[in-house]
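Participant: Structure file input-v1.csv (CSV, C-alpha atoms and all ligand atoms) is given on the next line.
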chain,number,residue,atom,x,y,z
U,65,MET,CA,-27.6,1.3,-2.9
U,66,ALA,CA,-27.0,0.6,0.7
U,67,GLU,CA,-29.0,2.3,3.5
U,68,PRO,CA,-27.5,5.6,4.6
U,69,LYS,CA,-25.0,5.0,7.5
U,70,ALA,CA,-23.8,7.9,9.7
U,71,GLY,CA,-20.2,8.8,9.2
U,72,LEU,CA,-17.9,9.2,12.2
U,73,ALA,CA,-16.4,12.5,13.4
U,74,LEU,CA,-12.6,12.6,13.3
U,75,SER,CA,-10.5,14.4,15.9
U,76,VAL,CA,-6.7,14.5,15.7
U,77,THR,CA,-4.8,16.1,18.5
U,78,ASP,CA,-1.0,16.7,18.9
U,79,LEU,CA,-0.2,13.9,16.4
U,80,ILE,CA,3.4,13.2,15.7
U,81,VAL,CA,4.5,10.3,13.5
U,82,LEU,CA,8.2,9.4,13.4
U,83,ALA,CA,10.1,7.3,11.0
U,84,PRO,CA,12.0,4.3,12.5
U,85,GLY,CA,15.1,6.4,12.6
U,86,GLY,CA,13.4,9.2,14.4
U,87,ARG,CA,12.7,11.6,11.6
U,88,ARG,CA,9.5,13.5,12.0
U,89,LEU,CA,7.2,12.5,9.1
U,90,ALA,CA,3.9,14.2,10.1
U,91,GLU,CA,2.9,16.6,12.8
U,92,VAL,CA,-0.7,17.7,13.2
U,93,ALA,CA,-1.6,19.8,16.2
U,94,ALA,CA,-5.3,19.8,15.7
U,95,LEU,CA,-7.7,18.6,13.0
U,96,GLN,CA,-11.4,18.2,13.4
U,97,VAL,CA,-13.6,16.7,10.6
U,98,ALA,CA,-17.3,16.7,11.0
U,99,PRO,CA,-19.2,13.4,10.5
U,100,GLY,CA,-20.2,13.0,7.0
U,101,SER,CA,-18.0,15.6,5.5
U,102,SER,CA,-15.4,15.1,2.8
U,103,VAL,CA,-11.8,16.2,2.9
U,104,ALA,CA,-9.1,16.2,0.2
U,105,ILE,CA,-5.4,16.3,1.3
U,106,ARG,CA,-3.0,17.7,-1.3
U,107,GLY,CA,0.6,18.8,-1.3
U,108,PRO,CA,3.9,18.0,-2.9
U,109,SER,CA,5.5,14.6,-3.0
U,110,GLY,CA,7.0,13.7,0.4
U,111,ALA,CA,4.8,16.1,2.3
U,112,GLY,CA,3.5,13.4,4.6
U,113,LYS,CA,0.0,12.9,3.1
U,114,THR,CA,0.2,9.1,3.0
U,115,THR,CA,1.8,9.0,6.4
U,116,LEU,CA,-1.1,11.0,7.9
U,117,LEU,CA,-3.6,8.7,6.1
U,118,HIS,CA,-1.9,5.7,7.6
U,119,ALA,CA,-2.1,7.2,11.1
U,120,LEU,CA,-5.8,8.0,10.6
U,121,SER,CA,-6.4,4.3,9.6
U,122,GLY,CA,-4.3,3.0,12.5
U,123,LEU,CA,-1.9,1.3,10.1
U,124,VAL,CA,0.8,3.4,11.7
U,125,ARG,CA,0.9,4.0,15.4
U,126,PRO,CA,1.9,7.7,16.1
U,127,ALA,CA,4.8,8.4,18.5
U,128,SER,CA,2.4,10.7,20.4
U,129,GLY,CA,-0.9,12.3,20.1
U,130,GLY,CA,-4.3,10.9,19.3
U,131,VAL,CA,-6.6,9.9,16.5
U,132,VAL,CA,-10.2,9.6,17.6
U,133,TRP,CA,-13.0,8.3,15.3
U,134,GLY,CA,-16.4,9.0,16.9
U,135,GLU,CA,-16.0,7.6,20.4
U,136,THR,CA,-13.0,5.4,19.6
U,137,ASP,CA,-9.5,6.6,20.5
U,138,LEU,CA,-7.2,4.4,18.3
U,139,ALA,CA,-4.4,4.6,20.9
U,140,THR,CA,-6.5,2.7,23.4
U,141,LEU,CA,-7.0,-0.3,21.1
U,142,SER,CA,-4.9,-3.4,21.1
U,143,ASP,CA,-3.5,-4.5,17.7
U,144,THR,CA,-6.3,-7.0,17.3
U,145,ALA,CA,-9.0,-4.5,18.2
U,146,LEU,CA,-7.4,-2.0,15.9
U,147,THR,CA,-7.5,-4.5,13.0
U,148,ARG,CA,-11.1,-5.2,13.8
U,149,PHE,CA,-12.0,-1.5,14.0
U,150,ARG,CA,-10.4,-0.9,10.6
U,151,ARG,CA,-12.0,-3.9,9.0
U,152,ASP,CA,-15.5,-3.0,10.3
U,153,ARG,CA,-15.5,0.8,10.2
U,154,ILE,CA,-13.0,2.0,7.6
U,155,GLY,CA,-13.0,1.5,3.8
U,156,LEU,CA,-9.4,1.7,2.7
U,157,ILE,CA,-8.6,2.5,-0.9
U,158,PHE,CA,-4.8,2.5,-1.2
U,159,GLN,CA,-2.5,2.6,-4.2
U,160,ASP,CA,-1.1,-0.8,-3.4
U,161,PHE,CA,-4.3,-2.6,-3.9
U,162,LEU,CA,-3.6,-6.3,-3.3
U,163,LEU,CA,-5.9,-8.6,-5.1
U,164,PHE,CA,-6.2,-12.4,-4.9
U,165,GLU,CA,-5.1,-13.1,-8.5
U,166,GLU,CA,-6.7,-16.4,-8.9
U,167,LEU,CA,-10.1,-15.2,-7.6
U,168,GLY,CA,-12.7,-13.5,-9.8
U,169,ALA,CA,-13.4,-9.7,-9.6
U,170,LEU,CA,-16.6,-10.3,-7.6
U,171,ASP,CA,-14.9,-12.7,-5.2
U,172,ASN,CA,-12.2,-10.1,-4.6
U,173,ALA,CA,-14.6,-7.3,-4.1
U,174,ALA,CA,-16.6,-9.4,-1.7
U,175,ILE,CA,-13.6,-10.8,0.1
U,176,ALA,CA,-14.8,-9.4,3.5
U,177,THR,CA,-17.5,-12.1,3.5
U,178,ALA,CA,-14.8,-14.4,4.8
U,179,PHE,CA,-14.9,-12.5,8.1
U,180,LEU,CA,-18.7,-12.2,8.4
U,181,PRO,CA,-21.4,-14.4,9.9
U,182,ARG,CA,-23.1,-16.4,7.2
U,183,ALA,CA,-26.4,-14.4,7.5
U,184,GLN,CA,-24.6,-11.1,6.5
U,185,ARG,CA,-22.6,-12.5,3.6
U,186,SER,CA,-25.1,-12.2,0.8
U,187,ALA,CA,-25.8,-8.5,1.5
U,188,LEU,CA,-22.2,-7.7,1.3
U,189,ARG,CA,-21.7,-9.8,-1.9
U,190,HIS,CA,-24.7,-7.9,-3.4
U,191,ARG,CA,-23.2,-4.5,-2.5
U,192,ALA,CA,-19.8,-5.6,-4.0
U,193,GLY,CA,-21.6,-6.5,-7.2
U,194,GLU,CA,-23.5,-3.2,-7.2
U,195,TRP,CA,-20.2,-1.3,-6.9
U,196,LEU,CA,-18.5,-3.4,-9.7
U,197,GLU,CA,-21.5,-2.5,-11.8
U,198,ARG,CA,-21.3,1.2,-11.0
U,199,LEU,CA,-17.6,1.2,-11.7
U,200,GLY,CA,-18.1,-0.4,-15.1
U,201,LEU,CA,-17.1,-4.0,-14.4
U,202,GLY,CA,-20.6,-5.5,-13.8
U,203,GLN,CA,-20.2,-7.9,-16.7
U,204,ASP,CA,-16.8,-9.1,-15.5
U,205,GLY,CA,-17.4,-10.4,-12.0
U,206,ALA,CA,-16.3,-13.9,-12.8
U,207,ARG,CA,-13.0,-13.0,-14.5
U,208,ARG,CA,-9.8,-13.7,-12.7
U,209,ALA,CA,-8.2,-10.6,-11.1
U,210,ASP,CA,-4.9,-11.1,-13.0
U,211,SER,CA,-6.7,-10.6,-16.3
U,212,PHE,CA,-7.7,-7.0,-15.6
U,213,SER,CA,-5.7,-3.8,-16.5
U,214,GLY,CA,-4.2,-1.6,-13.8
U,215,GLY,CA,-7.1,0.8,-13.8
U,216,GLU,CA,-9.7,-2.0,-13.7
U,217,ARG,CA,-7.8,-3.6,-10.8
U,218,GLN,CA,-8.0,-0.3,-8.9
U,219,ARG,CA,-11.8,-0.3,-9.5
U,220,ILE,CA,-12.1,-3.8,-8.1
U,221,ALA,CA,-10.2,-2.6,-5.0
U,222,VAL,CA,-12.6,0.4,-4.7
U,223,ALA,CA,-15.6,-2.0,-4.9
U,224,ARG,CA,-13.9,-4.1,-2.2
U,225,ALA,CA,-13.4,-1.1,0.1
U,226,LEU,CA,-17.1,0.0,-0.3
U,227,ALA,CA,-18.7,-3.4,-0.2
U,228,ASN,CA,-18.4,-3.5,3.6
U,229,ASP,CA,-20.6,-0.3,3.8
U,230,PRO,CA,-18.1,1.5,6.0
U,231,PRO,CA,-19.0,4.8,7.8
U,232,VAL,CA,-15.5,6.1,7.0
U,233,ILE,CA,-13.6,6.0,3.7
U,234,LEU,CA,-9.9,6.7,3.5
U,235,ALA,CA,-8.4,6.8,0.0
U,236,ASP,CA,-4.9,7.4,-1.3
U,237,GLU,CA,-4.8,8.6,-4.9
U,238,PRO,CA,-7.9,6.6,-5.8
U,239,THR,CA,-8.0,8.0,-9.3
U,240,ALA,CA,-4.3,7.9,-10.1
U,241,SER,CA,-4.4,5.0,-12.5
U,242,LEU,CA,-7.7,5.7,-14.1
U,243,ASP,CA,-8.3,7.5,-17.4
U,244,ARG,CA,-10.0,10.9,-17.2
U,245,ALA,CA,-13.5,9.6,-17.8
U,246,ASN,CA,-13.2,6.9,-15.2
U,247,ALA,CA,-11.4,9.2,-12.8
U,248,ASP,CA,-14.3,11.7,-13.0
U,249,ARG,CA,-16.9,9.0,-12.5
U,250,LEU,CA,-15.1,7.7,-9.4
U,251,ALA,CA,-14.7,11.2,-8.1
U,252,GLU,CA,-18.4,11.8,-8.5
U,253,ASP,CA,-19.2,8.4,-6.8
U,254,LEU,CA,-17.0,9.2,-3.9
U,255,ALA,CA,-18.3,12.7,-3.4
U,256,ALA,CA,-21.9,11.4,-3.7
U,257,LEU,CA,-21.2,8.7,-1.2
U,258,SER,CA,-20.2,11.3,1.4
U,259,ARG,CA,-22.8,13.9,0.4
U,260,ASP,CA,-25.8,11.6,0.0
U,261,THR,CA,-25.2,8.9,2.5
U,262,GLY,CA,-23.3,10.8,5.2
U,263,ARG,CA,-20.1,8.9,5.2
U,264,THR,CA,-16.9,10.6,6.3
U,265,LEU,CA,-14.4,10.7,3.4
U,266,VAL,CA,-10.7,11.6,3.5
U,267,VAL,CA,-8.8,11.4,0.2
U,268,VAL,CA,-5.2,12.1,-0.6
U,269,THR,CA,-5.2,13.3,-4.2
U,270,HIS,CA,-3.4,15.3,-6.8
U,271,ASP,CA,-6.5,15.3,-8.8
U,272,MET,CA,-8.0,18.8,-8.6
U,273,THR,CA,-11.2,17.6,-10.2
U,274,LEU,CA,-11.7,15.2,-7.4
U,275,ALA,CA,-10.6,17.8,-4.7
U,276,ALA,CA,-13.0,20.4,-6.1
U,277,ARG,CA,-15.9,18.0,-5.5
U,278,LEU,CA,-15.2,17.7,-1.7
U,279,ASP,CA,-16.2,20.0,1.2
U,280,ARG,CA,-12.7,20.9,2.2
U,281,VAL,CA,-9.1,20.9,1.0
U,282,LEU,CA,-6.1,20.5,3.3
U,283,THR,CA,-2.7,21.3,2.0
U,284,MET,CA,0.3,19.6,3.6
U,285,ALA,CA,4.0,20.6,3.4
U,286,GLU,CA,6.9,19.1,5.3
U,287,GLY,CA,4.6,17.0,7.5
U,288,ARG,CA,2.2,19.8,8.5
U,289,ILE,CA,-1.1,21.1,7.4
U,290,VAL,CA,-0.3,24.5,6.0
U,291,GLU,CA,-3.7,25.4,4.5
U,292,ASP,CA,-7.3,24.5,5.2
U,293,THR,CA,-9.9,25.6,2.7
U,294,HIS,CA,-13.6,25.1,3.1
U,295,GLU,CA,-16.0,25.1,0.2
U,301,LIG,N1,9.2,4.2,7.1
U,301,LIG,C1,9.8,5.3,6.7
U,301,LIG,N2,11.1,5.5,7.0
U,301,LIG,C2,11.7,6.7,6.7
U,301,LIG,N3,11.1,7.6,5.9
U,301,LIG,C3,9.8,7.4,5.6
U,301,LIG,C4,9.1,6.3,5.9
U,301,LIG,N4,7.8,6.4,5.4
U,301,LIG,C5,7.8,7.6,4.8
U,301,LIG,N5,9.0,8.2,4.9
U,301,LIG,C6,9.3,9.5,4.3
U,301,LIG,O1,8.4,10.4,4.9
U,301,LIG,C7,8.1,11.5,3.9
U,301,LIG,C8,6.6,11.6,3.7
U,301,LIG,O2,6.1,10.4,3.0
U,301,LIG,P1,4.7,10.2,2.5
U,301,LIG,O3,4.6,8.9,1.8
U,301,LIG,O4,3.7,10.4,3.6
U,301,LIG,O5,4.5,11.5,1.5
U,301,LIG,P2,3.4,11.9,0.5
U,301,LIG,O6,3.0,13.3,0.8
U,301,LIG,O7,2.3,10.9,0.6
U,301,LIG,O8,4.1,11.8,-0.9
U,301,LIG,P3,3.6,11.3,-2.4
U,301,LIG,O9,2.7,12.3,-2.9
U,301,LIG,O10,4.9,11.2,-3.1
U,301,LIG,O11,3.0,9.9,-2.2
U,301,LIG,C9,8.9,11.1,2.7
U,301,LIG,O12,10.0,11.9,2.7
U,301,LIG,C10,9.2,9.6,2.8
U,301,LIG,O13,10.4,9.3,2.2
In structure tokens, what does this structure look like?
Ligand SMILES: Nc1ncnc2c1ncn2[C@@H]1O[C@H](COP(=O)(O)OP(=O)(O)OP(=O)(O)O)[C@@H](O)[C@H]1O
Facilitator:
Amino acid sequence: MAEPKAGLALSVTDLIVLAPGGRRLAEVAALQVAPGSSVAIRGPSGAGKTTLLHALSGLVRPASGGVVWGETDLATLSDTALTRFRRDRIGLIFQDFLLFEELGALDNAAIATAFLPRAQRSALRHRAGEWLERLGLGQDGARRADSFSGGERQRIAVARALANDPPVILADEPTASLDRANADRLAEDLAALSRDTGRTLVVVTHDMTLAARLDRVLTMAEGRIVEDTHE
């Protein structure tokens, strides 16, 4: 697999995320995550888990407060710089995994090559292929995305997020549409990615098998972190 790459520390301070109408969706006074550690976020539906993950990834700009990854305060970045930061540093695994239907699985997993200088493309494509292999789709790289099942499509999206070799991985219910065996395998892969290669991992999950593999479990309710359990 890829060379170990140091994860980034996360620091969240006085974060408030509002809905367009002004409703408070998430409020986090302080959250520190050490570089290379892995965190699960759990809690009931509507607790603000996805909202927090969106704020951490810069997909949502908070009304106030800050999200700092390593040395980078997301609030100081322009929209273009924020997009570039997310593309280069954060592997996003979301439930709405948009694939290019007419492209093959490998072309989808390696889609970030489109943004890379020619010299770096083959390494990324190689990593994308390795991830497809690990996720059980190694033989199917040439098949069109629209020919895969929901769970398989999610695995292609996971390979795509990891192919860029990001120091940070943010995932929203990554095992939700997988069967138990594949969910457990992906859980182990994600935990190993953090444990063995030092990436920082934040995962929203209802899957207690996955949460149990991570260093720390945060519980959210009504937009706030109400419990913080270390291993
Ligand atoms: N753009 C928006 N406008 C208004 N309300 C919103 C908006 N986005 C999210 N919400 C609301 O904010 C609350 C938190 O949503 P969020 O998706 O973060 O919850 P969650 O904990 O991830 O839930 P689930 O487990 O069901 O995915 C919900 O009540 C949701 O309806």
Participant: As a quick test: using all atoms listed in the file, which residues lie no more than 9 Å away from ligand LIG 301 (chain U)? Give them as a ChimeraX atom specification.
Facilitator: /U:82-90,105-118,236-237,268-270,284-287
Participant: What is the CA of Arg249 (chain U)-CA of His190 (chain U) distance in Å, reported with one decimal?
Facilitator: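 That distance, rounded to one decimal, is 20.7 Å.
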Participant: From the list U:Arg224, U:Gly200, U:Gly262, U:Arg217, which residue is nearest Leu250 (chain U) when using only C-alpha atoms?
Facilitator: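 Selected residue with least distance to Leu250 (chain U): U:Gly200.
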Participant: Kindly provide, as a list in words, the polymer residues lying within 10 Å of (-8.5, 5.7, -16.0), counting all atoms listed in the file and using the coordinates exactly as they appear in the file.
Facilitator: Ser213, Gly214, Gly215, Glu216, Gln218, Arg219, Thr239, Ala240, Ser241, Leu242, Asp243, Arg244, Ala245, Asn246, Ala247, Asp248, Arg249 and Leu250 of chain U
Participant: Only C-alpha atoms, please: the residues just picked out, written as a compact mmCIF listing (two decimals), keeping the file's coordinate frame.
Facilitator:
# COMPACT_ATOMS: atom_id res chain seq x y z
CA SER U 213 -5.70 -3.80 -16.50
CA GLY U 214 -4.20 -1.60 -13.80
CA GLY U 215 -7.10 0.80 -13.80
CA GLU U 216 -9.70 -2.00 -13.70
CA GLN U 218 -8.00 -0.30 -8.90
CA ARG U 219 -11.80 -0.30 -9.50
CA THR U 239 -8.00 8.00 -9.30
CA ALA U 240 -4.30 7.90 -10.10
CA SER U 241 -4.40 5.00 -12.50
CA LEU U 242 -7.70 5.70 -14.10
CA ASP U 243 -8.30 7.50 -17.40
CA ARG U 244 -10.00 10.90 -17.20
CA ALA U 245 -13.50 9.60 -17.80
CA ASN U 246 -13.20 6.90 -15.20
CA ALA U 247 -11.40 9.20 -12.80
CA ASP U 248 -14.30 11.70 -13.00
CA ARG U 249 -16.90 9.00 -12.50
CA LEU U 250 -15.10 7.70 -9.40
Participant: So which residues touch Val103 (chain U) within 9 Å, counting all atoms listed in the file, skipping near sequence neighbours fewer than 6 positions away, as a PyMOL selection string?
Facilitator: chain U and resi 97+264-268+275+278-282
Participant: Which is closest to Asp143 (chain U) among U:Gly155, U:Arg189, U:Asp229, U:Val124, if we use only C-alpha atoms?
Facilitator: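 Selected residue with least distance to Asp143 (chain U): U:Val124.
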Participant: Give the answer as one residue: which of U:Val92, U:Leu141, U:Leu274, U:Leu234 has the shortest atom-to-atom distance to Ser121 (chain U), using all atoms listed in the file?
Facilitator: U:Leu234
Participant: Excluding Gly168 (chain U) and any residue of its chain fewer than 6 positions from it, enumerate the residues within 8 Å of it, using all atoms listed in the file, and give them as a list in words.
Facilitator: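 Residues meeting the cut-off are Gly205, Ala206, Arg207, Arg208 and Ala209 of chain U.
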Participant: Rounded to one decimal in Å, what is the spacing between CA of Ser258 (chain U) and CA of Gly130 (chain U)?
Facilitator: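 Separation between CA of Ser258 (chain U) and CA of Gly130 (chain U): 23.9 Å.
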Participant: Could you jot down the CA of Phe164 (chain U) to CA of Arg151 (chain U) separation for me, Å, one decimal place?
Facilitator: 17.3 Å
Participant: Residues near Ile80 (chain U), anyone? I mean within 7 Å using all atoms listed in the file, not counting same-chain ones fewer than 5 positions away, as an MDAnalysis selection string.
Facilitator: chainID U and resid 90:92 126:129
Participant: For the residues in the current selection, export C-alpha atoms as a PDB file, in the frame of the given file.
Facilitator:
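selection.pdb written:
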ATOM      1  CA  ALA U  90       3.900  14.200  10.100  1.00  0.00           C
ATOM      2  CA  GLU U  91       2.900  16.600  12.800  1.00  0.00           C
ATOM      3  CA  VAL U  92      -0.700  17.700  13.200  1.00  0.00           C
ATOM      4  CA  PRO U 126       1.900   7.700  16.100  1.00  0.00           C
ATOM      5  CA  ALA U 127       4.800   8.400  18.500  1.00  0.00           C
ATOM      6  CA  SER U 128       2.400  10.700  20.400  1.00  0.00           C
ATOM      7  CA  GLY U 129      -0.900  12.300  20.100  1.00  0.00           C
TER       8      GLY U 129
END
Participant: In terms of the shortest atom-to-atom distance over only C-alpha atoms, which of U:Leu257, U:Leu138, U:Leu123, U:Val222 is closest to Ser75 (chain U)?
Facilitator: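 Of U:Leu257, U:Leu138, U:Leu123, U:Val222, the one nearest Ser75 (chain U), counting only C-alpha atoms, is U:Leu138.
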Participant: Pick from U:Ala225, U:Ile220, U:Ala178, U:Ile154: nearest to Gly71 (chain U), with all atoms listed in the file counted?
Facilitator: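 Checking each candidate against Gly71 (chain U), we get U:Ile154 as the closest.
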Participant: Between U:Asp137, U:Asp253, U:Asp204, U:Glu194, which residue has the minimum interatomic distance to Ala227 (chain U), considering only C-alpha atoms?
Facilitator: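 The shortest atom-to-atom distance to Ala227 (chain U) comes from U:Glu194.
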Participant: Would you fill the gaps in region 219-254 of chain U so it has N, CA and C atoms, then print it as a PDB file, in the frame of the given file?
Facilitator:
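Below you can see part.pdb, which holds the result:
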ATOM      1  N   ARG U 219     -10.327  -0.342  -9.699  1.00  0.00           N
ATOM      2  CA  ARG U 219     -11.800  -0.300  -9.500  1.00  0.00           C
ATOM      3  C   ARG U 219     -12.286  -1.457  -8.676  1.00  0.00           C
ATOM      4  N   ILE U 220     -11.686  -2.622  -8.892  1.00  0.00           N
ATOM      5  CA  ILE U 220     -12.100  -3.800  -8.100  1.00  0.00           C
ATOM      6  C   ILE U 220     -11.743  -3.509  -6.605  1.00  0.00           C
ATOM      7  N   ALA U 221     -10.575  -2.896  -6.388  1.00  0.00           N
ATOM      8  CA  ALA U 221     -10.200  -2.600  -5.000  1.00  0.00           C
ATOM      9  C   ALA U 221     -11.113  -1.528  -4.389  1.00  0.00           C
ATOM     10  N   VAL U 222     -11.600  -0.603  -5.208  1.00  0.00           N
ATOM     11  CA  VAL U 222     -12.600   0.400  -4.700  1.00  0.00           C
ATOM     12  C   VAL U 222     -13.867  -0.316  -4.327  1.00  0.00           C
ATOM     13  N   ALA U 223     -14.330  -1.205  -5.183  1.00  0.00           N
ATOM     14  CA  ALA U 223     -15.600  -2.000  -4.900  1.00  0.00           C
ATOM     15  C   ALA U 223     -15.387  -2.749  -3.585  1.00  0.00           C
ATOM     16  N   ARG U 224     -14.209  -3.322  -3.406  1.00  0.00           N
ATOM     17  CA  ARG U 224     -13.900  -4.100  -2.200  1.00  0.00           C
ATOM     18  C   ARG U 224     -14.007  -3.195  -0.951  1.00  0.00           C
ATOM     19  N   ALA U 225     -13.445  -1.981  -1.052  1.00  0.00           N
ATOM     20  CA  ALA U 225     -13.400  -1.100   0.100  1.00  0.00           C
ATOM     21  C   ALA U 225     -14.861  -0.626   0.464  1.00  0.00           C
ATOM     22  N   LEU U 226     -15.708  -0.498  -0.553  1.00  0.00           N
ATOM     23  CA  LEU U 226     -17.100   0.000  -0.300  1.00  0.00           C
ATOM     24  C   LEU U 226     -18.085  -1.048  -0.008  1.00  0.00           C
ATOM     25  N   ALA U 227     -17.754  -2.283  -0.357  1.00  0.00           N
ATOM     26  CA  ALA U 227     -18.700  -3.400  -0.200  1.00  0.00           C
ATOM     27  C   ALA U 227     -19.090  -3.597   1.263  1.00  0.00           C
ATOM     28  N   ASN U 228     -18.186  -3.262   2.140  1.00  0.00           N
ATOM     29  CA  ASN U 228     -18.400  -3.500   3.600  1.00  0.00           C
ATOM     30  C   ASN U 228     -19.321  -2.386   4.154  1.00  0.00           C
ATOM     31  N   ASP U 229     -19.692  -1.405   3.333  1.00  0.00           N
ATOM     32  CA  ASP U 229     -20.600  -0.300   3.800  1.00  0.00           C
ATOM     33  C   ASP U 229     -20.014   0.449   4.945  1.00  0.00           C
ATOM     34  N   PRO U 230     -18.763   0.881   4.857  1.00  0.00           N
ATOM     35  CA  PRO U 230     -18.100   1.500   6.000  1.00  0.00           C
ATOM     36  C   PRO U 230     -18.575   2.939   6.245  1.00  0.00           C
ATOM     37  N   PRO U 231     -18.641   3.391   7.507  1.00  0.00           N
ATOM     38  CA  PRO U 231     -19.000   4.800   7.800  1.00  0.00           C
ATOM     39  C   PRO U 231     -17.882   5.775   7.421  1.00  0.00           C
ATOM     40  N   VAL U 232     -16.661   5.243   7.284  1.00  0.00           N
ATOM     41  CA  VAL U 232     -15.500   6.100   7.000  1.00  0.00           C
ATOM     42  C   VAL U 232     -14.788   5.524   5.753  1.00  0.00           C
ATOM     43  N   ILE U 233     -14.400   6.398   4.831  1.00  0.00           N
ATOM     44  CA  ILE U 233     -13.600   6.000   3.700  1.00  0.00           C
ATOM     45  C   ILE U 233     -12.327   6.775   3.631  1.00  0.00           C
ATOM     46  N   LEU U 234     -11.215   6.073   3.598  1.00  0.00           N
ATOM     47  CA  LEU U 234      -9.900   6.700   3.500  1.00  0.00           C
ATOM     48  C   LEU U 234      -9.295   6.254   2.167  1.00  0.00           C
ATOM     49  N   ALA U 235      -8.896   7.186   1.343  1.00  0.00           N
ATOM     50  CA  ALA U 235      -8.400   6.800   0.000  1.00  0.00           C
ATOM     51  C   ALA U 235      -7.107   7.530  -0.302  1.00  0.00           C
ATOM     52  N   ASP U 236      -6.157   6.792  -0.875  1.00  0.00           N
ATOM     53  CA  ASP U 236      -4.900   7.400  -1.300  1.00  0.00           C
ATOM     54  C   ASP U 236      -4.759   7.339  -2.773  1.00  0.00           C
ATOM     55  N   GLU U 237      -4.883   8.485  -3.392  1.00  0.00           N
ATOM     56  CA  GLU U 237      -4.800   8.600  -4.900  1.00  0.00           C
ATOM     57  C   GLU U 237      -5.694   7.604  -5.582  1.00  0.00           C
ATOM     58  N   PRO U 238      -6.995   7.591  -5.259  1.00  0.00           N
ATOM     59  CA  PRO U 238      -7.900   6.600  -5.800  1.00  0.00           C
ATOM     60  C   PRO U 238      -8.042   6.673  -7.334  1.00  0.00           C
ATOM     61  N   THR U 239      -7.800   7.859  -7.890  1.00  0.00           N
ATOM     62  CA  THR U 239      -8.000   8.000  -9.300  1.00  0.00           C
ATOM     63  C   THR U 239      -6.726   7.981 -10.127  1.00  0.00           C
ATOM     64  N   ALA U 240      -5.604   7.704  -9.422  1.00  0.00           N
ATOM     65  CA  ALA U 240      -4.300   7.900 -10.100  1.00  0.00           C
ATOM     66  C   ALA U 240      -4.119   7.035 -11.344  1.00  0.00           C
ATOM     67  N   SER U 241      -4.615   5.798 -11.338  1.00  0.00           N
ATOM     68  CA  SER U 241      -4.400   5.000 -12.500  1.00  0.00           C
ATOM     69  C   SER U 241      -5.594   4.837 -13.415  1.00  0.00           C
ATOM     70  N   LEU U 242      -6.525   5.760 -13.275  1.00  0.00           N
ATOM     71  CA  LEU U 242      -7.700   5.700 -14.100  1.00  0.00           C
ATOM     72  C   LEU U 242      -7.606   6.760 -15.241  1.00  0.00           C
ATOM     73  N   ASP U 243      -8.253   6.491 -16.363  1.00  0.00           N
ATOM     74  CA  ASP U 243      -8.300   7.500 -17.400  1.00  0.00           C
ATOM     75  C   ASP U 243      -9.254   8.623 -16.946  1.00  0.00           C
ATOM     76  N   ARG U 244      -9.233   9.751 -17.653  1.00  0.00           N
ATOM     77  CA  ARG U 244     -10.000  10.900 -17.200  1.00  0.00           C
ATOM     78  C   ARG U 244     -11.467  10.616 -16.963  1.00  0.00           C
ATOM     79  N   ALA U 245     -12.088   9.894 -17.893  1.00  0.00           N
ATOM     80  CA  ALA U 245     -13.500   9.600 -17.800  1.00  0.00           C
ATOM     81  C   ALA U 245     -13.812   8.782 -16.534  1.00  0.00           C
ATOM     82  N   ASN U 246     -13.009   7.736 -16.331  1.00  0.00           N
ATOM     83  CA  ASN U 246     -13.200   6.900 -15.200  1.00  0.00           C
ATOM     84  C   ASN U 246     -12.864   7.587 -13.874  1.00  0.00           C
ATOM     85  N   ALA U 247     -11.819   8.428 -13.939  1.00  0.00           N
ATOM     86  CA  ALA U 247     -11.400   9.200 -12.800  1.00  0.00           C
ATOM     87  C   ALA U 247     -12.563  10.131 -12.343  1.00  0.00           C
ATOM     88  N   ASP U 248     -13.174  10.788 -13.321  1.00  0.00           N
ATOM     89  CA  ASP U 248     -14.300  11.700 -13.000  1.00  0.00           C
ATOM     90  C   ASP U 248     -15.474  10.966 -12.447  1.00  0.00           C
ATOM     91  N   ARG U 249     -15.722   9.788 -13.011  1.00  0.00           N
ATOM     92  CA  ARG U 249     -16.900   9.000 -12.500  1.00  0.00           C
ATOM     93  C   ARG U 249     -16.645   8.560 -11.086  1.00  0.00           C
ATOM     94  N   LEU U 250     -15.429   8.094 -10.808  1.00  0.00           N
ATOM     95  CA  LEU U 250     -15.100   7.700  -9.400  1.00  0.00           C
ATOM     96  C   LEU U 250     -15.176   8.850  -8.478  1.00  0.00           C
ATOM     97  N   ALA U 251     -14.657   9.999  -8.939  1.00  0.00           N
ATOM     98  CA  ALA U 251     -14.700  11.200  -8.100  1.00  0.00           C
ATOM     99  C   ALA U 251     -16.126  11.546  -7.748  1.00  0.00           C
ATOM    100  N   GLU U 252     -17.006  11.478  -8.722  1.00  0.00           N
ATOM    101  CA  GLU U 252     -18.400  11.800  -8.500  1.00  0.00           C
ATOM    102  C   GLU U 252     -19.031  10.763  -7.519  1.00  0.00           C
ATOM    103  N   ASP U 253     -18.689   9.489  -7.723  1.00  0.00           N
ATOM    104  CA  ASP U 253     -19.200   8.400  -6.800  1.00  0.00           C
ATOM    105  C   ASP U 253     -18.767   8.643  -5.402  1.00  0.00           C
ATOM    106  N   LEU U 254     -17.496   8.975  -5.224  1.00  0.00           N
ATOM    107  CA  LEU U 254     -17.000   9.200  -3.900  1.00  0.00           C
ATOM    108  C   LEU U 254     -17.624  10.378  -3.209  1.00  0.00           C
TER     109      LEU U 254
END
